[in-house]
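Student: This one is protein-v3.cif, mmCIF, C-alpha atoms.
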data_coords
#
loop_
_atom_site.group_PDB
_atom_site.id
_atom_site.type_symbol
_atom_site.label_atom_id
_atom_site.label_comp_id
_atom_site.auth_asym_id
_atom_site.auth_seq_id
_atom_site.Cartn_x
_atom_site.Cartn_y
_atom_site.Cartn_z
ATOM 1 C CA LYS G 1 40.925 -11.446 43.448
ATOM 2 C CA ILE G 2 38.387 -14.210 43.672
ATOM 3 C CA LYS G 3 36.175 -12.045 45.900
ATOM 4 C CA GLU G 4 36.534 -9.113 43.524
ATOM 5 C CA TYR G 5 35.591 -11.392 40.642
ATOM 6 C CA GLN G 6 32.557 -12.656 42.553
ATOM 7 C CA ARG G 7 31.476 -9.121 43.417
ATOM 8 C CA GLY G 8 31.875 -8.078 39.796
ATOM 9 C CA LEU G 9 29.935 -11.113 38.637
ATOM 10 C CA GLU G 10 27.164 -10.428 41.165
ATOM 11 C CA ALA G 11 26.984 -6.800 40.050
ATOM 12 C CA LEU G 12 26.766 -7.906 36.420
ATOM 13 C CA VAL G 13 24.005 -10.392 37.237
ATOM 14 C CA GLU G 14 22.072 -7.715 39.148
ATOM 15 C CA GLU G 15 22.436 -5.296 36.266
ATOM 16 C CA ARG G 16 21.280 -7.856 33.725
ATOM 17 C CA THR G 17 18.394 -8.807 36.011
ATOM 18 C CA ARG G 18 17.275 -5.171 36.287
ATOM 19 C CA GLU G 19 17.502 -4.787 32.522
ATOM 20 C CA LEU G 20 15.419 -7.922 32.051
ATOM 21 C CA GLU G 21 12.854 -6.775 34.614
ATOM 22 C CA ASN G 22 12.627 -3.337 32.996
ATOM 23 C CA SER G 23 12.248 -4.918 29.578
ATOM 24 C CA GLU G 24 9.511 -7.233 30.838
ATOM 25 C CA ALA G 25 7.759 -4.289 32.523
ATOM 26 C CA ARG G 26 7.757 -2.325 29.268
ATOM 27 C CA ILE G 27 6.455 -5.294 27.311
ATOM 28 C CA LYS G 28 3.764 -5.943 29.926
ATOM 29 C CA SER G 29 2.719 -2.289 29.815
ATOM 30 C CA VAL G 30 2.261 -2.474 26.042
ATOM 31 C CA PHE G 31 0.642 -5.910 26.342
ATOM 32 C CA ASP G 32 -1.952 -4.853 28.916
ATOM 33 C CA ASN G 33 -2.766 -1.465 27.400
ATOM 34 C CA ALA G 34 -3.109 -2.579 23.787
ATOM 35 C CA PRO G 35 -6.614 -1.922 22.416
ATOM 36 C CA ALA G 36 -6.551 -5.415 20.928
ATOM 37 C CA ALA G 37 -7.047 -8.590 22.950
ATOM 38 C CA ILE G 38 -3.786 -10.553 23.024
ATOM 39 C CA TYR G 39 -3.385 -14.019 24.503
ATOM 40 C CA LEU G 40 -1.335 -17.201 24.288
ATOM 41 C CA LYS G 41 -2.453 -20.808 24.641
ATOM 42 C CA ASP G 42 -0.616 -24.079 25.065
ATOM 43 C CA LEU G 43 -1.005 -26.984 22.652
ATOM 44 C CA GLU G 44 -4.029 -28.219 24.595
ATOM 45 C CA GLY G 45 -5.827 -24.925 24.082
ATOM 46 C CA ARG G 46 -5.385 -23.685 27.679
ATOM 47 C CA TYR G 47 -4.717 -20.012 28.297
ATOM 48 C CA VAL G 48 -1.206 -19.354 29.576
ATOM 49 C CA LEU G 49 -1.056 -15.584 29.095
ATOM 50 C CA ILE G 50 -3.775 -13.020 28.533
ATOM 51 C CA ASN G 51 -3.947 -9.237 28.534
ATOM 52 C CA LYS G 52 -6.515 -7.059 30.232
ATOM 53 C CA THR G 53 -8.439 -6.147 27.094
ATOM 54 C CA ILE G 54 -10.250 -9.428 26.554
ATOM 55 C CA ALA G 55 -10.785 -9.764 30.304
ATOM 56 C CA ASN G 56 -12.450 -6.346 30.294
ATOM 57 C CA TRP G 57 -14.564 -7.373 27.327
ATOM 58 C CA ARG G 58 -15.893 -10.315 29.290
ATOM 59 C CA GLY G 59 -16.090 -8.451 32.594
ATOM 60 C CA GLU G 60 -13.745 -10.836 34.397
ATOM 61 C CA ASP G 61 -10.273 -10.754 35.906
ATOM 62 C CA ALA G 62 -7.535 -11.916 33.540
ATOM 63 C CA ASP G 63 -6.272 -14.511 36.046
ATOM 64 C CA THR G 64 -9.570 -16.398 35.865
ATOM 65 C CA PHE G 65 -8.761 -17.428 32.296
ATOM 66 C CA ILE G 66 -5.359 -18.952 33.021
ATOM 67 C CA GLY G 67 -5.391 -22.730 32.675
ATOM 68 C CA LYS G 68 -8.854 -22.798 31.122
ATOM 69 C CA ARG G 69 -9.998 -23.781 27.648
ATOM 70 C CA ALA G 70 -12.459 -21.935 25.431
ATOM 71 C CA ASP G 71 -15.139 -24.584 25.971
ATOM 72 C CA GLU G 72 -15.290 -23.637 29.657
ATOM 73 C CA PHE G 73 -16.856 -20.232 28.999
ATOM 74 C CA LEU G 74 -17.867 -20.073 25.310
ATOM 75 C CA PRO G 75 -20.988 -21.645 23.791
ATOM 76 C CA ALA G 76 -20.293 -25.195 22.590
ATOM 77 C CA GLU G 77 -20.629 -24.369 18.887
ATOM 78 C CA GLN G 78 -18.337 -21.354 19.093
ATOM 79 C CA ALA G 79 -15.795 -23.230 21.242
ATOM 80 C CA ALA G 80 -15.705 -26.064 18.693
ATOM 81 C CA PHE G 81 -15.144 -23.550 15.889
ATOM 82 C CA VAL G 82 -12.270 -21.915 17.781
ATOM 83 C CA HIS G 83 -10.721 -25.315 18.549
ATOM 84 C CA LYS G 84 -10.911 -26.233 14.857
ATOM 85 C CA LYS G 85 -9.106 -23.030 13.847
ATOM 86 C CA GLU G 86 -6.418 -23.478 16.501
ATOM 87 C CA HIS G 87 -5.917 -27.076 15.381
ATOM 88 C CA GLU G 88 -5.401 -25.749 11.851
ATOM 89 C CA VAL G 89 -2.691 -23.400 13.139
ATOM 90 C CA ILE G 90 -0.956 -26.279 14.931
ATOM 91 C CA GLU G 91 -1.241 -28.800 12.111
ATOM 92 C CA LYS G 92 -0.234 -26.478 9.274
ATOM 93 C CA MET G 93 1.998 -24.068 11.231
ATOM 94 C CA LYS G 94 0.317 -21.106 9.578
ATOM 95 C CA THR G 95 -1.637 -17.993 10.519
ATOM 96 C CA VAL G 96 -5.417 -18.084 10.174
ATOM 97 C CA GLU G 97 -7.966 -15.267 10.353
ATOM 98 C CA PHE G 98 -11.670 -15.402 11.175
ATOM 99 C CA GLU G 99 -14.447 -13.504 12.924
ATOM 100 C CA LEU G 100 -16.325 -14.280 16.135
ATOM 101 C CA ILE G 101 -19.503 -12.850 17.626
ATOM 102 C CA ASP G 102 -19.753 -12.767 21.425
ATOM 103 C CA LYS G 103 -22.806 -12.153 23.569
ATOM 104 C CA ASN G 104 -22.194 -9.397 26.119
ATOM 105 C CA SER G 105 -23.685 -9.509 29.601
ATOM 106 C CA ASP G 106 -26.142 -6.741 28.653
ATOM 107 C CA GLY G 107 -27.474 -8.763 25.725
ATOM 108 C CA THR G 108 -25.633 -6.857 23.004
ATOM 109 C CA GLU G 109 -23.190 -8.461 20.602
ATOM 110 C CA ARG G 110 -19.483 -7.893 20.065
ATOM 111 C CA CYS G 111 -17.875 -8.832 16.770
ATOM 112 C CA ARG G 112 -14.149 -9.457 16.849
ATOM 113 C CA SER G 113 -11.696 -10.137 14.072
ATOM 114 C CA SER G 114 -9.225 -12.759 15.263
ATOM 115 C CA VAL G 115 -5.773 -13.666 13.982
ATOM 116 C CA ARG G 116 -4.308 -16.955 15.277
ATOM 117 C CA PHE G 117 -0.668 -17.869 14.775
ATOM 118 C CA PRO G 118 1.881 -20.485 15.936
ATOM 119 C CA ILE G 119 4.167 -19.836 18.937
ATOM 120 C CA THR G 120 7.605 -21.459 18.951
ATOM 121 C CA ASP G 121 10.527 -21.650 21.360
ATOM 122 C CA ALA G 122 14.131 -20.568 20.675
ATOM 123 C CA GLU G 123 14.771 -23.837 18.811
ATOM 124 C CA GLY G 124 11.737 -23.423 16.606
ATOM 125 C CA ASN G 125 9.636 -26.057 18.346
ATOM 126 C CA LEU G 126 5.918 -25.398 18.454
ATOM 127 C CA THR G 127 4.781 -24.619 21.997
ATOM 128 C CA GLY G 128 1.290 -23.226 21.475
ATOM 129 C CA THR G 129 -0.802 -20.656 19.653
ATOM 130 C CA GLY G 130 -1.113 -16.900 19.906
ATOM 131 C CA ALA G 131 -4.065 -14.664 19.160
ATOM 132 C CA ILE G 132 -4.752 -11.002 18.484
ATOM 133 C CA ASP G 133 -8.436 -10.020 18.485
ATOM 134 C CA ILE G 134 -9.726 -6.618 17.357
ATOM 135 C CA ASP G 135 -13.195 -5.317 18.182
ATOM 136 C CA VAL G 136 -14.853 -4.590 14.823
ATOM 137 C CA THR G 137 -18.402 -4.175 16.145
ATOM 138 C CA GLU G 138 -18.757 -0.544 15.082
ATOM 139 C CA ARG G 139 -17.403 -1.317 11.629
ATOM 140 C CA LYS G 140 -19.892 -4.166 11.208
ATOM 141 C CA ILE G 141 -22.764 -1.950 12.328
ATOM 142 C CA ALA G 142 -21.683 0.707 9.830
ATOM 143 C CA GLU G 143 -21.467 -1.914 7.078
ATOM 144 C CA ARG G 144 -24.980 -3.166 7.842
ATOM 145 C CA GLU G 145 -26.360 0.374 7.860
ATOM 146 C CA LEU G 146 -24.644 1.131 4.558
ATOM 147 C CA ALA G 147 -25.984 -2.083 3.023
ATOM 148 C CA GLU G 148 -29.499 -1.174 4.160
ATOM 149 C CA LYS G 149 -29.204 2.313 2.654
ATOM 150 C CA GLU G 150 -27.881 0.872 -0.601
ATOM 151 C CA TYR G 151 -30.807 -1.551 -0.682
ATOM 152 C CA GLN G 152 -33.291 1.268 -0.130
ATOM 153 C CA LEU G 153 -31.592 3.328 -2.840
ATOM 154 C CA THR G 154 -31.781 0.383 -5.243
ATOM 155 C CA ILE G 155 -35.504 -0.061 -4.589
ATOM 156 C CA ALA G 156 -36.113 3.651 -5.143
ATOM 157 C CA MET G 157 -34.077 3.692 -8.346
ATOM 158 C CA GLU G 158 -35.801 0.654 -9.815
ATOM 159 C CA SER G 159 -39.167 2.301 -9.122
ATOM 160 C CA MET G 160 -38.308 5.269 -11.322
ATOM 161 C CA THR G 161 -39.840 5.567 -14.761
ATOM 162 C CA GLY G 162 -36.702 7.213 -16.133
ATOM 163 C CA GLY G 163 -33.186 5.940 -16.525
ATOM 164 C CA LEU G 164 -30.610 7.051 -13.969
ATOM 165 C CA PHE G 165 -26.875 6.549 -13.671
ATOM 166 C CA MET G 166 -23.782 8.041 -12.072
ATOM 167 C CA VAL G 167 -20.175 7.615 -13.144
ATOM 168 C CA ASP G 168 -16.886 8.266 -11.350
ATOM 169 C CA LYS G 169 -14.080 10.517 -12.559
ATOM 170 C CA ASP G 170 -12.856 7.711 -14.847
ATOM 171 C CA LEU G 171 -16.326 7.401 -16.404
ATOM 172 C CA ASN G 172 -17.021 3.996 -14.863
ATOM 173 C CA PHE G 173 -20.620 3.305 -13.862
ATOM 174 C CA GLN G 174 -21.101 3.453 -10.083
ATOM 175 C CA VAL G 175 -24.889 3.771 -9.788
ATOM 176 C CA LEU G 176 -27.523 2.846 -12.358
ATOM 177 C CA ASN G 177 -30.985 1.355 -12.697
ATOM 178 C CA ASN G 178 -32.343 -1.281 -15.071
ATOM 179 C CA ARG G 179 -34.642 1.250 -16.715
ATOM 180 C CA LEU G 180 -31.614 2.821 -18.445
ATOM 181 C CA GLU G 181 -31.065 -0.140 -20.790
ATOM 182 C CA GLN G 182 -34.777 -0.379 -21.501
ATOM 183 C CA LEU G 183 -35.011 3.287 -22.475
ATOM 184 C CA TYR G 184 -32.190 2.925 -24.983
ATOM 185 C CA GLY G 185 -33.443 -0.416 -26.297
ATOM 186 C CA PHE G 186 -30.493 -2.553 -25.234
ATOM 187 C CA GLU G 187 -30.531 -6.117 -23.934
ATOM 188 C CA PRO G 188 -29.842 -6.508 -20.186
ATOM 189 C CA GLY G 189 -26.156 -6.829 -19.342
ATOM 190 C CA LEU G 190 -24.705 -4.109 -21.540
ATOM 191 C CA ILE G 191 -24.535 -1.629 -18.686
ATOM 192 C CA VAL G 192 -23.198 -2.920 -15.359
ATOM 193 C CA LYS G 193 -21.591 -1.316 -12.329
ATOM 194 C CA GLY G 194 -17.857 -0.778 -12.768
ATOM 195 C CA GLN G 195 -18.030 -0.886 -16.552
ATOM 196 C CA SER G 196 -16.848 2.060 -18.619
ATOM 197 C CA LEU G 197 -19.407 4.498 -19.937
ATOM 198 C CA ARG G 198 -17.431 4.444 -23.180
ATOM 199 C CA LYS G 199 -18.715 0.925 -23.930
ATOM 200 C CA PHE G 200 -22.289 2.180 -23.679
ATOM 201 C CA ILE G 201 -21.475 5.163 -25.888
ATOM 202 C CA GLU G 202 -19.741 2.893 -28.404
ATOM 203 C CA ALA G 203 -22.826 0.651 -28.633
ATOM 204 C CA ARG G 204 -24.960 3.692 -29.402
ATOM 205 C CA ALA G 205 -22.443 4.980 -31.932
ATOM 206 C CA LEU G 206 -22.352 1.619 -33.729
ATOM 207 C CA ARG G 207 -26.136 1.679 -33.857
ATOM 208 C CA GLY G 208 -26.031 5.089 -35.496
ATOM 209 C CA ASP G 209 -27.455 7.138 -32.624
ATOM 210 C CA TYR G 210 -24.856 9.858 -33.162
ATOM 211 C CA GLY G 211 -24.982 9.920 -36.951
ATOM 212 C CA PRO G 212 -22.127 9.161 -39.375
ATOM 213 C CA GLY G 213 -18.473 9.480 -38.489
ATOM 214 C CA ASP G 214 -15.470 7.643 -37.102
ATOM 215 C CA ILE G 215 -16.645 5.477 -34.191
ATOM 216 C CA ASP G 216 -13.595 6.156 -32.008
ATOM 217 C CA GLU G 217 -13.924 9.902 -32.503
ATOM 218 C CA LEU G 218 -17.651 9.815 -31.782
ATOM 219 C CA VAL G 219 -17.045 7.839 -28.587
ATOM 220 C CA GLU G 220 -14.303 10.147 -27.352
ATOM 221 C CA THR G 221 -16.296 13.288 -28.143
ATOM 222 C CA ARG G 222 -19.348 12.026 -26.290
ATOM 223 C CA ALA G 223 -17.265 10.687 -23.392
ATOM 224 C CA GLN G 224 -15.536 14.019 -22.871
ATOM 225 C CA GLY G 225 -18.889 15.724 -23.216
ATOM 226 C CA TYR G 226 -20.222 14.042 -20.090
ATOM 227 C CA PHE G 227 -18.241 16.617 -18.154
ATOM 228 C CA ASP G 228 -19.851 19.363 -20.212
ATOM 229 C CA SER G 229 -23.348 20.088 -18.911
ATOM 230 C CA GLU G 230 -24.379 21.949 -22.067
ATOM 231 C CA LEU G 231 -23.631 18.932 -24.287
ATOM 232 C CA LEU G 232 -25.489 16.625 -21.932
ATOM 233 C CA ARG G 233 -28.651 18.680 -22.130
ATOM 234 C CA VAL G 234 -28.521 18.785 -25.924
ATOM 235 C CA GLU G 235 -27.726 15.080 -26.331
ATOM 236 C CA ASP G 236 -30.211 13.538 -23.908
ATOM 237 C CA GLN G 237 -33.110 15.979 -23.849
#
Show me this structure written as structure tokens.
Tutor:
Amino acid sequence: KIKEYQRGLEALVEERTRELENSEARIKSVFDNAPAAIYLKDLEGRYVLINKTIANWRGEDADTFIGKRADEFLPAEQAAFVHKKEHEVIEKMKTVEFELIDKNSDGTERCRSSVRFPITDAEGNLTGTGAIDIDVTERKIAERELAEKEYQLTIAMESMTGGLFMVDKDLNFQVLNNRLEQLYGFEPGLIVKGQSLRKFIEARALRGDYGPGDIDELVETRAQGYFDSELLRVEDQ
């Protein structure tokens, strides 16, 4: 009976070991193939676990990072910034988010959005920090290009002799130039992006631009008319 018990116990241990190994293999597969860079550090800032993504970003084998600190391969200023953020995670036991810009070997830049968070053991004791970094380079490039186009559009609009504006479906100003207020004789600040067109119409109604009548009715009539091309041509010709 003792031998049978031992064999049963050994079989149970082997089964649990296989389950654990399979579970670890699945986790490692997800860990290494995630598009985000994932890594863990101890309380001294040394890498203890790292996936392939960030290693591929830097063109090095993942094992070369183990046991090292950020100041061993990052510029001093950037390493100090990272250390400060990790210290904040440790001291306050909270998640922090920030962005980093890395220099690639070919001279280009990579911008990554980083989330740092505390790592604890089963008893809740702090053992280190974790990080998930996402490459946001393309998004940043798109944002810069959009900002440049918006700047060029603004310059072009402000060079116009006529007033120009565009509203969204809720009649809130989305695009406008300063010439618009000048043409209608209003002080700067009445018309701003995001503000309702109805406020502009109300100011004109109060001034008598639309003739006599109930102000609310005049505003609503003109506001609805901005979706009626015929009324627009008559009103603003």
Student: To one decimal place, how far is atom CA of G:Thr129 from atom CA of G:Glu97 in Å?
Tutor: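 Answer for the atom CA of G:Thr129 to atom CA of G:Glu97 separation: 12.9 Å.
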Student: Between atom CA of G:Glu86 and atom CA of G:Asn51, measure the distance and give it in Å to one decimal.
Tutor: 18.8 Å
Student: Could you state the separation of atom CA of G:Gly59 and atom CA of G:Lys85 in Å, given to one decimal place?
Tutor: 24.8 Å
Student: If you count only C-alpha atoms, which residues fall within 10 Å of stretch 45-48 of chain G, apart from same-chain ones fewer than 4 positions away, as a PyMOL selection string?
Tutor: chain G and resi 39-41+63-71+82-83+86-87+128-130
Student: Pick from G:Ala62, G:Ala76, G:Met157, G:Ile101: nearest to G:Ala37, with only C-alpha atoms counted?
Tutor: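 Selected residue with least distance to G:Ala37: G:Ala62.
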Student: What residues come out when you apply the PyMOL selection byres ((chain G and resi 158) around 8) to this file, written as JSON, numbers by chain?
Tutor: {"G": [154, 155, 156, 157, 159, 160, 177, 178, 179]}
Student: Emit the selected residues as a compact mmCIF listing (two decimals), keeping the file's coordinate frame, including C-alpha atoms.
Tutor:
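See result-v5.txt below for the written result:
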# COMPACT_ATOMS: atom_id res chain seq x y z
CA THR G 154 -31.78 0.38 -5.24
CA ILE G 155 -35.50 -0.06 -4.59
CA ALA G 156 -36.11 3.65 -5.14
CA MET G 157 -34.08 3.69 -8.35
CA SER G 159 -39.17 2.30 -9.12
CA MET G 160 -38.31 5.27 -11.32
CA ASN G 177 -30.98 1.36 -12.70
CA ASN G 178 -32.34 -1.28 -15.07
CA ARG G 179 -34.64 1.25 -16.72
Student: Could you list, as a ChimeraX atom specification, every residue within 9 Å of G:Asp32, counting all atoms listed in the file and ignoring same-chain residues fewer than 2 positions away?
Tutor: /G:27-30,34-35,37-38,50-53
Student: With all atoms listed in the file as the atoms that count, which of G:Val115, G:Ile90, G:Leu20, G:Ala223 lies nearest to G:Glu44?
Tutor: G:Ile90
Student: Can you spell out as a count of residues only the set of residues that the PyMOL selection byres ((chain G and resi 191-206) around 7) selects in the structure I just provided?
Tutor: 15
Student: So, counting all atoms listed in the file, which residue among G:Arg144, G:Lys149, G:Arg139, G:Lys92 is closest to G:Arg116?
Tutor: G:Lys92
Student: Give me the residues near G:Phe98 as a ChimeraX atom specification, where near means some atom within 12 Å (using only C-alpha atoms) and where sequence neighbours in that chain fewer than 5 positions away do not count.
Tutor: /G:78,81-82,84-86,111-117,131-134,136
Student: Expand the PyMOL selection byres ((chain G and resi 106-108) around 12) into the explicit residue set it covers here, and present it as a list in words.
Tutor: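 Residues picked by the PyMOL selection byres ((chain G and resi 106-108) around 12): Trp57, Arg58, Gly59, Ile101, Asp102, Lys103, Asn104, Ser105, Glu109, Arg110, Cys111 and Thr137 of chain G.
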